[in-house]
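For reference, upload.csv (CSV, C-alpha atoms):
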chain,number,residue,atom,x,y,z
C,1,MET,CA,-9.1,-5.1,-16.2
C,2,THR,CA,-6.9,-2.1,-16.2
C,3,PRO,CA,-5.6,-0.7,-12.9
C,4,ASP,CA,-7.9,2.2,-13.4
C,5,GLU,CA,-11.0,0.0,-13.7
C,6,ILE,CA,-9.9,-2.0,-10.6
C,7,LEU,CA,-9.6,1.2,-8.5
C,8,ASP,CA,-13.0,2.4,-9.8
C,9,THR,CA,-14.6,-0.9,-8.9
C,10,VAL,CA,-13.1,-0.8,-5.3
C,11,ALA,CA,-14.2,2.8,-5.0
C,12,GLY,CA,-17.7,1.8,-6.1
C,13,ILE,CA,-17.9,-1.0,-3.5
C,14,CYS,CA,-16.7,1.4,-0.8
C,15,LEU,CA,-19.4,4.0,-1.7
C,16,VAL,CA,-22.2,1.4,-1.8
C,17,ALA,CA,-21.1,-0.1,1.5
C,18,GLY,CA,-21.1,3.4,3.1
C,19,ALA,CA,-24.5,4.1,1.8
C,20,LEU,CA,-25.7,0.7,3.1
C,21,LEU,CA,-24.5,1.6,6.6
C,22,CYS,CA,-26.5,4.8,6.3
C,23,VAL,CA,-29.6,2.9,5.5
C,24,ALA,CA,-29.0,0.5,8.4
C,25,ALA,CA,-28.6,3.5,10.6
C,26,GLY,CA,-31.9,4.9,9.4
C,27,ILE,CA,-33.7,1.6,10.0
C,28,ALA,CA,-32.1,1.4,13.5
C,29,LEU,CA,-33.1,5.0,14.3
C,30,VAL,CA,-36.7,4.2,13.6
C,31,ARG,CA,-36.8,0.8,15.2
C,32,PHE,CA,-34.6,1.1,18.4
C,33,PRO,CA,-36.5,1.6,21.6
C,34,ASP,CA,-34.7,4.5,23.4
C,35,VAL,CA,-32.3,7.4,23.0
C,36,LEU,CA,-29.2,5.5,24.0
C,37,SER,CA,-29.9,2.7,21.6
C,38,ARG,CA,-30.5,5.1,18.8
C,39,MET,CA,-27.2,6.7,19.4
C,40,HIS,CA,-25.5,3.4,18.7
C,41,ALA,CA,-27.3,3.5,15.4
C,42,ALA,CA,-26.0,7.0,14.7
C,43,ALA,CA,-22.3,6.0,15.3
C,44,LYS,CA,-22.3,3.7,12.2
C,45,PRO,CA,-22.5,6.1,9.3
C,46,GLN,CA,-20.6,8.7,11.3
C,47,VAL,CA,-17.5,6.6,11.6
C,48,LEU,CA,-17.2,3.5,9.5
C,49,GLY,CA,-19.6,4.7,6.8
C,50,LEU,CA,-17.8,8.0,6.5
C,51,LEU,CA,-14.4,6.4,6.3
C,52,LEU,CA,-15.6,4.0,3.6
C,53,VAL,CA,-17.2,6.9,1.6
C,54,LEU,CA,-14.0,9.0,2.0
C,55,LEU,CA,-11.9,6.0,0.9
C,56,GLY,CA,-14.1,5.5,-2.2
C,57,CYS,CA,-13.8,9.2,-2.9
C,58,ALA,CA,-10.0,9.2,-2.6
C,59,LEU,CA,-9.7,6.2,-4.9
C,60,ARG,CA,-11.6,8.1,-7.5
C,61,LEU,CA,-9.9,11.5,-7.2
C,62,ARG,CA,-6.4,10.2,-6.9
C,63,THR,CA,-4.6,13.5,-6.5
C,64,GLY,CA,-2.4,14.5,-3.6
C,65,VAL,CA,-4.2,17.7,-2.6
C,66,ASP,CA,-7.7,16.0,-2.5
C,67,ILE,CA,-6.5,13.0,-0.6
C,68,THR,CA,-4.9,15.2,2.2
C,69,THR,CA,-8.3,17.1,2.4
C,70,LEU,CA,-10.1,13.8,2.7
C,71,VAL,CA,-7.7,12.6,5.4
C,72,LEU,CA,-8.4,15.8,7.3
C,73,VAL,CA,-12.2,15.2,7.0
C,74,GLY,CA,-11.7,11.8,8.5
C,75,LEU,CA,-9.5,13.0,11.3
C,76,PHE,CA,-11.8,15.8,12.3
C,77,GLN,CA,-14.9,13.6,12.2
C,78,LEU,CA,-13.1,11.0,14.4
C,79,ALA,CA,-12.1,13.7,16.8
C,80,THR,CA,-15.5,15.4,17.1
C,81,ALA,CA,-18.1,12.6,16.9
C,82,PRO,CA,-17.3,11.1,20.4
C,83,VAL,CA,-17.7,14.6,21.9
C,84,ALA,CA,-21.3,15.0,20.6
C,85,ALA,CA,-22.1,11.3,21.5
C,86,HIS,CA,-20.9,11.8,25.1
C,87,MET,CA,-22.7,15.0,25.6
C,88,VAL,CA,-26.0,13.6,24.4
C,89,GLY,CA,-25.5,10.4,26.3
C,90,ARG,CA,-24.8,12.1,29.5
C,91,THR,CA,-27.9,14.3,29.2
C,92,ALA,CA,-30.0,11.3,28.3
C,93,TYR,CA,-29.1,9.2,31.2
C,94,PRO,CA,-30.9,10.5,34.3
C,95,HIS,CA,-34.1,11.2,32.3
C,96,ASP,CA,-37.0,8.8,32.2
C,97,ASP,CA,-37.1,8.1,28.6
C,98,ILE,CA,-34.6,5.2,28.9
C,99,ARG,CA,-36.3,1.8,28.7
C,100,ARG,CA,-35.1,0.4,32.0
C,101,ASP,CA,-36.9,-3.0,31.3
C,102,LEU,CA,-34.4,-3.6,28.5
C,103,LEU,CA,-31.3,-2.9,30.6
C,104,ILE,CA,-29.6,-6.1,31.7
C,105,THR,CA,-27.6,-4.3,34.4
C,106,ASP,CA,-27.1,-0.7,35.4
C,107,GLU,CA,-23.9,-0.2,37.3
C,108,LEU,CA,-24.1,3.6,37.1
C,109,ALA,CA,-27.3,4.0,39.1
C,110,GLY,CA,-25.6,3.8,42.4
C,111,HIS,CA,-22.8,6.2,41.6
C,112,ILE,CA,-24.5,8.9,39.5
C,113,ASP,CA,-25.3,11.3,42.3
C,114,ARG,CA,-21.7,11.2,43.7
C,115,ILE,CA,-20.1,11.7,40.3
C,116,ARG,CA,-22.3,14.6,39.4
C,117,ALA,CA,-21.7,16.2,42.8
C,118,ASP,CA,-18.0,15.7,42.3
C,119,ARG,CA,-18.1,17.4,39.0
C,120,ALA,CA,-20.1,20.3,40.4
C,121,GLY,CA,-17.4,20.8,42.9
C,122,GLU,CA,-14.6,20.9,40.4
C,123,PRO,CA,-13.0,24.2,39.5
C,124,GLU,CA,-14.4,25.7,36.2
C,125,GLU,CA,-11.0,25.3,34.5
C,126,THR,CA,-11.0,21.5,34.5
C,127,SER,CA,-14.8,21.1,33.9
C,128,PRO,CA,-15.7,19.2,30.7
C,129,VAL,CA,-18.0,22.1,29.8
C,130,ARG,CA,-15.0,24.0,28.4
C,131,THR,CA,-14.5,21.3,25.7
C,132,ALA,CA,-18.0,21.8,24.4
F,1,MET,CA,-3.6,3.9,42.7
F,2,THR,CA,-7.1,5.5,42.6
F,3,SER,CA,-6.1,9.1,42.3
F,4,GLN,CA,-2.5,10.0,41.5
F,5,PRO,CA,-1.5,13.4,42.8
F,6,LYS,CA,-1.7,15.7,39.8
F,7,ALA,CA,1.8,17.2,40.1
F,8,PRO,CA,2.3,20.7,38.8
F,9,LEU,CA,4.0,20.7,35.4
F,10,THR,CA,7.6,21.4,35.2
F,11,SER,CA,8.8,23.8,32.6
F,12,ARG,CA,10.3,20.9,30.7
F,13,ASP,CA,6.8,19.2,30.5
F,14,ARG,CA,5.4,22.5,29.4
F,15,ARG,CA,7.9,22.9,26.6
F,16,ARG,CA,7.3,19.4,25.5
F,17,ASN,CA,3.5,19.9,25.5
F,18,ARG,CA,3.9,23.0,23.4
F,19,ALA,CA,6.2,21.2,20.9
F,20,VAL,CA,3.6,18.4,20.5
F,21,ALA,CA,0.9,21.0,20.0
F,22,VAL,CA,2.9,23.0,17.4
F,23,THR,CA,3.7,19.9,15.4
F,24,GLY,CA,0.1,18.8,15.3
F,25,LEU,CA,-1.2,22.2,14.3
F,26,VAL,CA,1.4,22.6,11.6
F,27,THR,CA,0.6,19.2,10.2
F,28,VAL,CA,-3.1,20.1,10.0
F,29,TRP,CA,-2.2,23.4,8.4
F,30,VAL,CA,0.0,21.7,5.7
F,31,LEU,CA,-2.7,19.1,5.1
F,32,LEU,CA,-5.3,21.8,4.7
F,33,TRP,CA,-3.2,23.4,2.0
F,34,GLY,CA,-2.6,20.0,0.5
F,35,THR,CA,1.0,20.7,-0.7
F,36,PHE,CA,4.2,20.6,1.3
F,37,SER,CA,6.2,23.8,0.8
F,38,TRP,CA,8.3,25.9,3.1
F,39,ALA,CA,5.9,28.8,2.8
F,40,ASN,CA,3.2,26.5,4.1
F,41,VAL,CA,5.3,25.3,7.0
F,42,ILE,CA,6.4,28.7,8.0
F,43,SER,CA,3.0,30.3,7.8
F,44,GLY,CA,1.7,27.2,9.8
F,45,LEU,CA,4.3,27.9,12.5
F,46,VAL,CA,3.2,31.5,12.8
F,47,VAL,CA,-0.5,30.5,13.0
F,48,ALA,CA,0.3,27.8,15.6
F,49,ALA,CA,2.3,30.2,17.7
F,50,VAL,CA,-0.5,32.8,17.7
F,51,LEU,CA,-3.1,30.1,18.5
F,52,LEU,CA,-1.1,28.8,21.5
F,53,VAL,CA,-0.6,32.3,22.9
F,54,VAL,CA,-4.2,33.3,22.4
F,55,PHE,CA,-5.8,29.9,23.4
F,56,PRO,CA,-3.4,28.2,25.9
F,57,LEU,CA,-3.8,24.5,26.3
F,58,PRO,CA,-5.3,22.9,29.3
F,59,PRO,CA,-2.6,21.0,31.3
F,60,VAL,CA,-2.7,17.5,29.9
F,61,THR,CA,0.6,15.7,30.3
F,62,PHE,CA,1.8,13.3,27.8
F,63,ALA,CA,4.2,11.3,29.9
F,64,GLY,CA,4.9,8.4,27.6
F,65,ARG,CA,6.3,8.2,24.1
F,66,ILE,CA,4.8,6.8,20.9
F,67,ARG,CA,5.8,3.2,20.1
F,68,PRO,CA,5.1,2.5,16.4
F,69,VAL,CA,4.6,-1.3,16.6
F,70,PRO,CA,2.0,-1.3,19.4
F,71,LEU,CA,0.4,1.7,17.9
F,72,LEU,CA,0.0,-0.2,14.6
F,73,ARG,CA,-1.4,-3.2,16.5
F,74,PHE,CA,-3.9,-0.9,18.2
F,75,LEU,CA,-5.0,0.7,14.9
F,76,VAL,CA,-5.4,-2.6,13.2
F,77,ARG,CA,-7.4,-4.1,16.1
F,78,PHE,CA,-9.4,-0.9,16.2
F,79,LEU,CA,-10.4,-1.1,12.5
F,80,ARG,CA,-11.3,-4.7,13.0
F,81,ASP,CA,-13.5,-3.9,16.0
F,82,LEU,CA,-15.1,-1.1,14.0
F,83,VAL,CA,-16.1,-3.3,11.1
F,84,VAL,CA,-17.3,-6.1,13.3
F,85,ALA,CA,-19.3,-3.8,15.6
F,86,SER,CA,-20.8,-1.9,12.7
F,87,VAL,CA,-22.1,-5.2,11.1
F,88,GLN,CA,-23.4,-6.4,14.5
F,89,VAL,CA,-25.3,-3.2,15.1
F,90,ALA,CA,-26.7,-3.2,11.6
F,91,TRP,CA,-27.8,-6.8,12.1
F,92,LEU,CA,-29.5,-5.8,15.4
F,93,ALA,CA,-31.3,-3.0,13.5
F,94,VAL,CA,-32.9,-5.4,10.9
F,95,ARG,CA,-33.4,-8.4,13.3
F,96,PRO,CA,-36.9,-8.7,14.8
F,97,GLY,CA,-37.2,-7.9,18.4
F,98,GLU,CA,-36.0,-5.1,20.7
F,99,PRO,CA,-32.3,-5.3,21.6
F,100,HIS,CA,-31.3,-5.5,25.2
F,101,SER,CA,-28.5,-3.3,26.5
F,102,ALA,CA,-26.6,-2.7,29.7
F,103,ILE,CA,-24.7,0.1,31.5
F,104,ILE,CA,-21.4,-1.3,32.6
F,105,ALA,CA,-18.8,0.2,34.9
F,106,VAL,CA,-15.2,-0.3,33.9
F,107,ARG,CA,-12.5,0.7,36.2
F,108,LEU,CA,-9.4,1.6,34.3
F,109,ARG,CA,-6.0,0.7,35.7
F,110,VAL,CA,-4.2,3.8,34.6
F,111,ASN,CA,-6.1,6.8,35.9
F,112,THR,CA,-4.7,9.7,33.9
F,113,ASP,CA,-6.7,12.2,32.0
F,114,LEU,CA,-5.0,11.2,28.7
F,115,ASN,CA,-5.6,7.5,29.1
F,116,LEU,CA,-9.2,8.1,30.2
F,117,THR,CA,-9.8,10.3,27.2
F,118,LEU,CA,-8.2,8.0,24.6
F,119,THR,CA,-10.0,4.9,25.9
F,120,ALA,CA,-13.3,6.7,26.0
F,121,GLU,CA,-12.7,8.0,22.4
F,122,ALA,CA,-11.8,4.6,21.0
F,123,LEU,CA,-14.9,3.1,22.8
F,124,SER,CA,-17.3,5.8,21.5
F,125,LEU,CA,-16.1,5.5,18.0
F,126,VAL,CA,-16.9,1.8,17.8
F,127,PRO,CA,-20.7,1.4,17.4
F,128,GLY,CA,-22.4,-0.6,20.1
F,129,SER,CA,-20.6,1.1,23.0
F,130,LEU,CA,-21.2,4.6,24.3
F,131,ILE,CA,-19.7,6.5,27.2
F,132,VAL,CA,-22.6,7.7,29.4
F,133,GLU,CA,-20.5,9.0,32.3
F,134,ALA,CA,-16.8,9.2,33.3
F,135,ASP,CA,-15.6,9.4,36.8
F,136,ARG,CA,-12.3,11.1,36.9
F,137,ARG,CA,-11.7,10.6,40.6
F,138,THR,CA,-11.7,6.8,40.4
F,139,GLY,CA,-10.9,6.5,36.7
F,140,THR,CA,-14.1,4.7,35.9
F,141,LEU,CA,-15.9,4.7,32.6
F,142,TYR,CA,-19.7,3.9,32.5
F,143,VAL,CA,-20.4,2.4,29.2
F,144,HIS,CA,-23.8,1.8,27.6
F,145,VAL,CA,-23.5,-1.4,25.5
F,146,ILE,CA,-26.2,-2.6,23.1
F,147,GLY,CA,-26.8,-6.2,22.1
F,148,ILE,CA,-25.9,-7.6,25.5
F,149,ARG,CA,-27.9,-10.7,26.3
F,150,GLY,CA,-26.6,-11.9,29.7
F,151,LEU,CA,-24.4,-11.2,32.6
F,152,ASP,CA,-21.6,-13.4,31.2
F,153,GLU,CA,-21.4,-11.0,28.2
F,154,VAL,CA,-21.2,-8.1,30.6
F,155,GLU,CA,-18.0,-9.6,32.1
F,156,ARG,CA,-16.7,-10.4,28.6
F,157,PHE,CA,-17.2,-6.8,27.6
F,158,ARG,CA,-15.5,-5.5,30.7
F,159,HIS,CA,-12.5,-7.7,29.9
F,160,GLY,CA,-12.5,-6.4,26.3
F,161,VAL,CA,-12.3,-2.8,27.5
F,162,ARG,CA,-9.4,-3.6,29.8
F,163,GLU,CA,-7.6,-5.2,26.9
F,164,LEU,CA,-8.3,-2.1,24.8
F,165,GLU,CA,-6.8,0.0,27.6
F,166,ALA,CA,-3.7,-2.2,27.7
F,167,ARG,CA,-3.2,-1.8,23.9
F,168,ILE,CA,-3.5,2.0,24.2
F,169,VAL,CA,-1.1,2.2,27.1
F,170,ALA,CA,1.3,-0.1,25.2
F,171,ALA,CA,1.1,2.3,22.3
F,172,VAL,CA,1.4,5.7,24.0
F,173,GLY,CA,1.8,5.1,27.8
F,174,SER,CA,4.9,5.7,29.9
F,175,ALA,CA,7.1,2.9,31.1
F,176,GLU,CA,5.6,3.1,34.6
F,177,GLU,CA,2.1,2.8,33.2
F,178,ARG,CA,3.0,-0.2,31.2
F,179,ASP,CA,4.5,-1.8,34.3
F,180,ARG,CA,1.3,-1.3,36.1
F,181,ILE,CA,-0.7,-3.0,33.4
F,182,ARG,CA,1.7,-5.9,33.3
F,183,HIS,CA,1.8,-6.3,37.0
F,184,ASP,CA,-2.0,-6.2,37.1
F,185,GLU,CA,-2.3,-8.9,34.4
F,186,ALA,CA,0.2,-11.1,36.3
F,187,GLU,CA,-1.9,-11.0,39.4
F,188,PRO,CA,-5.3,-9.5,39.0
F,189,SER,CA,-5.9,-7.1,41.9
F,190,GLY,CA,-9.1,-8.6,43.2
F,191,SER,CA,-11.8,-8.4,40.6
F,192,ALA,CA,-14.4,-7.6,43.3
F,193,GLU,CA,-12.8,-4.1,43.5
F,194,LEU,CA,-13.4,-3.7,39.8
F,195,GLU,CA,-17.2,-4.3,40.0
F,196,GLY,CA,-17.8,-0.7,40.8
F,197,ALA,CA,-16.1,2.4,42.0
F,198,PRO,CA,-16.0,2.9,45.8
F,199,THR,CA,-18.4,5.4,47.0
N,1,MET,CA,-19.8,4.2,-12.1
N,2,THR,CA,-23.2,5.4,-13.2
N,3,VAL,CA,-24.7,2.2,-11.7
N,4,VAL,CA,-22.9,2.9,-8.4
N,5,ALA,CA,-24.2,6.5,-8.4
N,6,VAL,CA,-27.8,5.3,-8.9
N,7,ILE,CA,-27.6,2.7,-6.2
N,8,VAL,CA,-26.0,5.0,-3.7
N,9,THR,CA,-28.5,7.7,-4.5
N,10,VAL,CA,-31.4,5.4,-3.9
N,11,LEU,CA,-29.9,4.1,-0.6
N,12,LEU,CA,-29.1,7.6,0.7
N,13,VAL,CA,-32.6,8.8,-0.1
N,14,ALA,CA,-34.0,5.9,1.8
N,15,ALA,CA,-31.7,6.6,4.7
N,16,GLY,CA,-32.6,10.3,4.7
N,17,GLY,CA,-36.3,9.5,4.7
N,18,LEU,CA,-35.9,7.1,7.6
N,19,THR,CA,-34.0,9.7,9.7
N,20,LEU,CA,-36.7,12.3,8.8
N,21,VAL,CA,-39.3,9.9,10.3
N,22,ARG,CA,-37.3,9.9,13.6
N,23,ILE,CA,-36.8,13.7,13.5
N,24,ILE,CA,-40.6,14.2,13.1
N,25,ARG,CA,-41.7,11.6,15.6
N,26,GLY,CA,-39.2,12.6,18.3
N,27,PRO,CA,-40.3,12.0,21.0
N,28,SER,CA,-37.6,13.9,22.9
N,29,ILE,CA,-35.4,16.6,21.7
N,30,LEU,CA,-32.4,14.4,22.1
N,31,ASP,CA,-33.9,11.8,19.7
N,32,ARG,CA,-34.2,14.6,17.2
N,33,ALA,CA,-30.6,15.8,17.8
N,34,VAL,CA,-29.3,12.3,17.2
N,35,ALA,CA,-31.4,11.8,14.1
N,36,THR,CA,-30.2,15.2,12.8
N,37,ASP,CA,-26.6,14.0,13.2
N,38,VAL,CA,-27.4,11.0,11.1
N,39,LEU,CA,-29.0,13.2,8.5
N,40,LEU,CA,-25.8,15.2,8.4
N,41,ALA,CA,-23.8,12.0,7.9
N,42,VAL,CA,-26.1,11.1,5.0
N,43,ALA,CA,-25.5,14.5,3.5
N,44,VAL,CA,-21.8,14.2,3.9
N,45,ALA,CA,-21.9,10.8,2.2
N,46,ALA,CA,-24.0,12.3,-0.7
N,47,ILE,CA,-21.6,15.2,-1.2
N,48,ALA,CA,-18.6,12.8,-1.2
N,49,THR,CA,-20.3,10.5,-3.6
N,50,GLU,CA,-21.0,13.3,-6.0
N,51,ALA,CA,-17.4,14.4,-5.8
N,52,ALA,CA,-16.3,10.8,-6.5
N,53,TYR,CA,-18.8,10.4,-9.4
N,54,SER,CA,-17.9,13.6,-11.2
N,55,ARG,CA,-14.2,13.6,-10.2
N,56,ASP,CA,-14.6,17.1,-9.1
N,57,ALA,CA,-13.0,18.2,-5.8
N,58,THR,CA,-14.8,21.5,-5.5
N,59,ALA,CA,-17.1,20.3,-2.7
N,60,LEU,CA,-14.4,18.9,-0.5
N,61,PRO,CA,-13.9,22.0,1.6
N,62,VAL,CA,-17.6,21.7,2.5
N,63,LEU,CA,-16.8,18.3,3.9
N,64,VAL,CA,-14.0,19.7,6.1
N,65,VAL,CA,-16.3,22.3,7.5
N,66,LEU,CA,-19.1,19.8,8.1
N,67,ALA,CA,-16.7,17.4,9.9
N,68,LEU,CA,-15.4,20.2,12.1
N,69,VAL,CA,-18.7,21.9,13.1
N,70,GLY,CA,-21.2,19.1,12.7
N,71,PHE,CA,-21.0,18.2,16.3
N,72,VAL,CA,-21.7,21.7,17.6
N,73,GLY,CA,-25.4,21.3,17.0
N,74,SER,CA,-26.0,18.2,19.1
N,75,VAL,CA,-23.7,19.4,21.8
N,76,SER,CA,-25.6,22.7,22.2
N,77,VAL,CA,-28.9,20.8,22.2
N,78,ALA,CA,-27.6,18.5,24.9
N,79,ARG,CA,-26.5,21.4,27.0
N,80,PHE,CA,-29.9,23.1,26.6
N,81,ALA,CA,-31.8,19.9,27.4
N,82,SER,CA,-29.7,19.2,30.5
N,83,ARG,CA,-30.3,22.7,31.9
N,84,ARG,CA,-34.0,22.3,31.5
N,85,GLY,CA,-34.2,18.7,32.5
N,86,PRO,CA,-35.9,17.5,35.7
N,87,LYS,CA,-32.6,17.3,37.5
Let me see the file written as structure tokens.
Amino acid sequence: MTPDEILDTVAGICLVAGALLCVAAGIALVRFPDVLSRMHAAAKPQVLGLLLVLLGCALRLRTGVDITTLVLVGLFQLATAPVAAHMVGRTAYPHDDIRRDLLITDELAGHIDRIRADRAGEPEETSPVRTA
Amino acid sequence: MTSQPKAPLTSRDRRRNRAVAVTGLVTVWVLLWGTFSWANVISGLVVAAVLLVVFPLPPVTFAGRIRPVPLLRFLVRFLRDLVVASVQVAWLAVRPGEPHSAIIAVRLRVNTDLNLTLTAEALSLVPGSLIVEADRRTGTLYVHVIGIRGLDEVERFRHGVRELEARIVAAVGSAEERDRIRHDEAEPSGSAELEGAPT
Amino acid sequence: MTVVAVIVTVLLVAAGGLTLVRIIRGPSILDRAVATDVLLAVAVAAIATEAAYSRDATALPVLVVLALVGFVGSVSVARFASRRGPK
């Protein structure tokens, strides 16, 4: 095999693996019982799946300009995905649509009121709202 | 150790923060253009300067310095965790039965905004763990973990997060923060205290 | 490469269909926000695969934009839901 063919094969494997993670996430979205579990499913294609697809793309394109763009896509995604996940997770928590019967332990329940009260008392400048 | 006084920034810290921000912004700018040329660097400097004047940064202090070898160790371990966790969550998705989960409090040893943020980011990026709430006062992260089957796994996870924190501090923390981790690992400061944050 | 493109297309269509099921079924608005995020990730994967297949980098800036602003949607939905929530 020529080096070109090897690179193409590796790229193909990366792309298929990324797509498989997307499917796994889709199945998990449908099957998992509550919002928080479904968010775990969402993290897969957003992080590892995306990195694999970008790697496959970079291996096919092989030019400097495109690879820097792809690196930026990866960095931006890694920086922004946790923000969304945390905001959604925090909103989901005190609501009733979490399946408490599936929780082994909940070490947050006793502290949630104090933490939220603390946050309400913080000056606006340091509140996490600003990052949104 | 719970809440360090957030000392006001000296002008040296401020300059340093600004230098870090400018370097980061110029790097992004050059990457966006895709080619390294002096025109790109200079225009990037101008854009960065304007951005920092118009949108001043919140006061986050970067007290440590970047150490390449521990940083590499952190990155390699992070990638490994990422792959392992992705496969595990994918398996949970196709396996019959509903997965159990847990919300676990992890008290970090270094309570700075930067450390809290970096640890939370690294945890959120790995599938299977998700930050539900963060308590800045005590430096505690409340993590929702999927695929937990028993209380022993809860303890193992807590231990894993503290190892992650140790790797991050080793990579970017200050000498004093590294000392604290090392001291804590030599004689664990009463695990009962770590079970949950004081109210 | 054509084989890869066909496999990936089938897989991504399946993934997109499954996320659509969750978007339609809900039940809460947060479920829909999460599922929409996954749908966006599927779309990003599709665009990147197309770029890799045709060796054409025209669509890459779209990926940059999606990676930068993709999170805004669920963040604003989360803010909205928390304002109107029972607490």
Distance filter 12 Å, all atoms listed in the file, chain N against chain F, as a ChimeraX atom specification: /N:60-61,64-65
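In terms of minimum interatomic distance to Ala35 in chain N, C:Ala28 ranks closest within C:Cys57, C:Ala28, C:Leu21, C:Val73, counting all atoms listed in the file.
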Point-to-point distance from CA of Arg18 in chain F to CA of Val47 in chain F, Å rounded to tenths: 13.6 Å
Which residues of range 4-85 of chain C have any atom within 7 Å of an atom in range 103-126 of chain F when counting only C-alpha atoms, and what is the closest pair of atoms for each, with the distance in Å to one decimal? Order the rows by chain and rising number and write it as JSON lines.
{"residue": "C:Ala43", "atom": "CA", "partner": "F:Leu125", "partner_atom": "CA", "distance": 6.8}
{"residue": "C:Val47", "atom": "CA", "partner": "F:Leu125", "partner_atom": "CA", "distance": 6.6}
{"residue": "C:Pro82", "atom": "CA", "partner": "F:Ser124", "partner_atom": "CA", "distance": 5.4}
Could you please select, counting all atoms listed in the file, the residues of chain F within 8 Å of chain C and state them as a CSV table (one decimal) with C-alpha atoms, in the coordinates of the input?
chain,number,residue,atom,x,y,z
F,28,VAL,CA,-3.1,20.1,10.0
F,31,LEU,CA,-2.7,19.1,5.1
F,32,LEU,CA,-5.3,21.8,4.7
F,33,TRP,CA,-3.2,23.4,2.0
F,34,GLY,CA,-2.6,20.0,0.5
F,35,THR,CA,1.0,20.7,-0.7
F,58,PRO,CA,-5.3,22.9,29.3
F,82,LEU,CA,-15.1,-1.1,14.0
F,83,VAL,CA,-16.1,-3.3,11.1
F,86,SER,CA,-20.8,-1.9,12.7
F,89,VAL,CA,-25.3,-3.2,15.1
F,90,ALA,CA,-26.7,-3.2,11.6
F,92,LEU,CA,-29.5,-5.8,15.4
F,93,ALA,CA,-31.3,-3.0,13.5
F,94,VAL,CA,-32.9,-5.4,10.9
F,98,GLU,CA,-36.0,-5.1,20.7
F,99,PRO,CA,-32.3,-5.3,21.6
F,100,HIS,CA,-31.3,-5.5,25.2
F,101,SER,CA,-28.5,-3.3,26.5
F,102,ALA,CA,-26.6,-2.7,29.7
F,103,ILE,CA,-24.7,0.1,31.5
F,104,ILE,CA,-21.4,-1.3,32.6
F,105,ALA,CA,-18.8,0.2,34.9
F,121,GLU,CA,-12.7,8.0,22.4
F,124,SER,CA,-17.3,5.8,21.5
F,125,LEU,CA,-16.1,5.5,18.0
F,126,VAL,CA,-16.9,1.8,17.8
F,127,PRO,CA,-20.7,1.4,17.4
F,128,GLY,CA,-22.4,-0.6,20.1
F,129,SER,CA,-20.6,1.1,23.0
F,130,LEU,CA,-21.2,4.6,24.3
F,131,ILE,CA,-19.7,6.5,27.2
F,132,VAL,CA,-22.6,7.7,29.4
F,133,GLU,CA,-20.5,9.0,32.3
F,135,ASP,CA,-15.6,9.4,36.8
F,142,TYR,CA,-19.7,3.9,32.5
F,144,HIS,CA,-23.8,1.8,27.6
F,146,ILE,CA,-26.2,-2.6,23.1
F,148,ILE,CA,-25.9,-7.6,25.5
F,149,ARG,CA,-27.9,-10.7,26.3
F,150,GLY,CA,-26.6,-11.9,29.7
F,151,LEU,CA,-24.4,-11.2,32.6
F,196,GLY,CA,-17.8,-0.7,40.8
F,197,ALA,CA,-16.1,2.4,42.0
F,199,THR,CA,-18.4,5.4,47.0
Spatial neighbours of range 52-54 of chain C, 10 Å, all atoms listed in the file, chain gap at least 6 places, as JSON, numbers by chain: {"C": [11, 12, 13, 14, 15, 16, 17, 18, 19, 21, 45, 60, 67, 69, 70, 71, 73, 74], "N": [44, 45, 46, 47, 48, 49, 52, 63]}
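Residue-level contacts from chain N to chain C at 6 Å, counting all atoms listed in the file, read N:Val4, N:Val8, N:Leu11, N:Leu12, N:Ala15, N:Leu18, N:Thr19, N:Arg22, N:Asp31, N:Val38, N:Ala41, N:Ala52, N:Arg55, N:Val64, N:Ala67, N:Leu68, N:Phe71, N:Ser74, N:Val75, N:Ala78, N:Ser82.
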